[in-house]
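Only one structure is covered here, and it is reproduced in the block below.
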Amino acid sequence: MTTNEISQSQFDWADEDDRFDLGLCFTLVRSTDPEAVLAVFASVNPTKSRKPADMDVDDWSDSLPDSDMARRYAGVAGNWVWVLEEFAISGLLSPVPEKLSDTFGTSITVQWDVNTLSTFVYAVDGVIERQFELGREADPTDRSAPDGFLDEEDGIDWEQWMSGGLCLQARLAGVVALTADSIDPVIVETCNEG
């Protein structure tokens, strides 16, 4: 899928649906190995427990103590591993983006929370190339600063910052990994909050 084929309207559900009203931290990593990607996450925010492969997610969740609310869900979309974090934002915080991109080449994270705080982090080869708040007004002539404009932003309406962030992430990766449909993770684990 090319950048031109990915439209912000594909992500309108994010602005309209209450599914992620409490927040979202969604990371794409250029890899097809969820185990290896989660190992990088766990190096900073250790895994507490992992859902057995033969157990239903809801049954497993019900068996956990209330203190195990923070979760990581991982799956594969095209040549990218996706990690959806609930009540955790490791994919956003240094040194995770740098470690992920140093190991796998590229890491792209979109995050927002219940307080409407939001962040976009784009890291390549161990370096954060872009980091900014969603909904910002970027100067199209400034393409070098951490909050600088990206070509893939053309046509994004930042008034709709949730769909805008997911659209920019998808355009940079060339894959739509998060849709209005339910996620289908290959790995689910608990971790520490934050």
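Residue numbering restarts at 1 for every chain of the structure tokens, chains are lettered A, B, ... in their displayed order, and ligands are numbered from 1 as they appear.
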- Mind the document's chain letters and residue numbers, and return as a ChimeraX atom specification the residues of stretch 13-75 of chain A that DSSP labels alpha helix (DSSP H). /A:13-16,34-44,57-63
Those residues with N, CA, C and O atoms, as a tab-separated table (two decimals), in the first residue's frame please?
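New file result_14.tsv:
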```tsv
chain	number	residue	atom	x	y	z
A	13	TRP	N	-13.07	6.44	12.51
A	13	TRP	CA	-13.59	5.72	13.66
A	13	TRP	C	-12.87	6.12	14.95
A	13	TRP	O	-13.47	6.11	16.02
A	14	ALA	N	-11.58	6.45	14.88
A	14	ALA	CA	-10.81	6.80	16.09
A	14	ALA	C	-11.35	8.07	16.74
A	14	ALA	O	-11.30	8.21	17.97
A	15	ASP	N	-11.85	9.00	15.94
A	15	ASP	CA	-12.40	10.25	16.46
A	15	ASP	C	-13.83	10.07	16.95
A	15	ASP	O	-14.30	10.86	17.76
A	16	GLU	N	-14.51	9.05	16.45
A	16	GLU	CA	-15.93	8.87	16.73
A	16	GLU	C	-16.24	7.76	17.73
A	16	GLU	O	-17.23	7.81	18.44
A	34	PRO	N	7.21	-10.76	16.64
A	34	PRO	CA	6.66	-10.15	17.85
A	34	PRO	C	7.45	-10.48	19.12
A	34	PRO	O	7.58	-9.64	20.00
A	35	GLU	N	7.98	-11.69	19.21
A	35	GLU	CA	8.77	-12.08	20.39
A	35	GLU	C	9.97	-11.16	20.56
A	35	GLU	O	10.25	-10.69	21.66
A	36	ALA	N	10.69	-10.92	19.48
A	36	ALA	CA	11.88	-10.08	19.54
A	36	ALA	C	11.53	-8.63	19.88
A	36	ALA	O	12.22	-7.97	20.65
A	37	VAL	N	10.44	-8.14	19.31
A	37	VAL	CA	10.00	-6.77	19.60
A	37	VAL	C	9.60	-6.64	21.07
A	37	VAL	O	10.00	-5.69	21.76
A	38	LEU	N	8.81	-7.60	21.56
A	38	LEU	CA	8.40	-7.54	22.97
A	38	LEU	C	9.58	-7.69	23.92
A	38	LEU	O	9.55	-7.15	25.03
A	39	ALA	N	10.63	-8.37	23.50
A	39	ALA	CA	11.82	-8.47	24.34
A	39	ALA	C	12.45	-7.09	24.56
A	39	ALA	O	12.95	-6.80	25.66
A	40	VAL	N	12.39	-6.23	23.56
A	40	VAL	CA	12.90	-4.86	23.72
A	40	VAL	C	12.01	-4.09	24.70
A	40	VAL	O	12.51	-3.40	25.60
A	41	PHE	N	10.71	-4.20	24.55
A	41	PHE	CA	9.79	-3.56	25.50
A	41	PHE	C	10.08	-4.06	26.92
A	41	PHE	O	10.18	-3.27	27.86
A	42	ALA	N	10.23	-5.37	27.07
A	42	ALA	CA	10.43	-5.97	28.39
A	42	ALA	C	11.78	-5.59	29.01
A	42	ALA	O	11.93	-5.62	30.23
A	43	SER	N	12.73	-5.20	28.19
A	43	SER	CA	14.03	-4.79	28.72
A	43	SER	C	13.92	-3.49	29.51
A	43	SER	O	14.77	-3.19	30.35
A	44	VAL	N	12.87	-2.73	29.27
A	44	VAL	CA	12.64	-1.46	29.97
A	44	VAL	C	11.47	-1.58	30.94
A	44	VAL	O	11.50	-1.05	32.05
A	57	VAL	N	-8.52	-14.72	25.83
A	57	VAL	CA	-8.05	-13.47	26.43
A	57	VAL	C	-8.93	-13.06	27.61
A	57	VAL	O	-8.43	-12.68	28.67
A	58	ASP	N	-10.25	-13.14	27.45
A	58	ASP	CA	-11.15	-12.73	28.53
A	58	ASP	C	-11.01	-13.63	29.76
A	58	ASP	O	-10.99	-13.14	30.89
A	59	ASP	N	-10.91	-14.94	29.53
A	59	ASP	CA	-10.72	-15.87	30.66
A	59	ASP	C	-9.41	-15.59	31.37
A	59	ASP	O	-9.34	-15.59	32.60
A	60	TRP	N	-8.37	-15.36	30.60
A	60	TRP	CA	-7.07	-15.06	31.19
A	60	TRP	C	-7.13	-13.75	31.98
A	60	TRP	O	-6.66	-13.69	33.11
A	61	SER	N	-7.74	-12.73	31.39
A	61	SER	CA	-7.86	-11.44	32.08
A	61	SER	C	-8.62	-11.59	33.39
A	61	SER	O	-8.24	-11.00	34.41
A	62	ASP	N	-9.69	-12.37	33.37
A	62	ASP	CA	-10.48	-12.60	34.59
A	62	ASP	C	-9.68	-13.30	35.67
A	62	ASP	O	-9.97	-13.15	36.86
A	63	SER	N	-8.68	-14.07	35.29
A	63	SER	CA	-7.88	-14.83	36.27
A	63	SER	C	-6.79	-13.99	36.93
A	63	SER	O	-6.17	-14.42	37.89
```
- Name the residues in contact with A:Leu178 at a cut-off of 10 Å, using only C-alpha atoms, excluding same-chain residues fewer than 2 positions from it; report them as a ChimeraX atom specification. /A:10-11,14,26,28,77,82,84,166-167,170,175-176,180-183
- What's the 6 Å shell around A:Val29, counting only C-alpha atoms, without same-chain residues fewer than 2 positions away, as a VMD selection string? chain A and resid 31 80 to 81 106 to 107
- Message: Going by DSSP on the backbone, which residues of stretch 52-190 of chain A come out as strand (DSSP E or B)? List them as a PyMOL selection string.
- Response: chain A and resi 71-77+80-86+106-113+118-124+127-132+187-190
- Query: What is the atom CA of A:Thr103 to atom CA of A:Thr32 distance in Å?
  - Reply: 12.6 Å
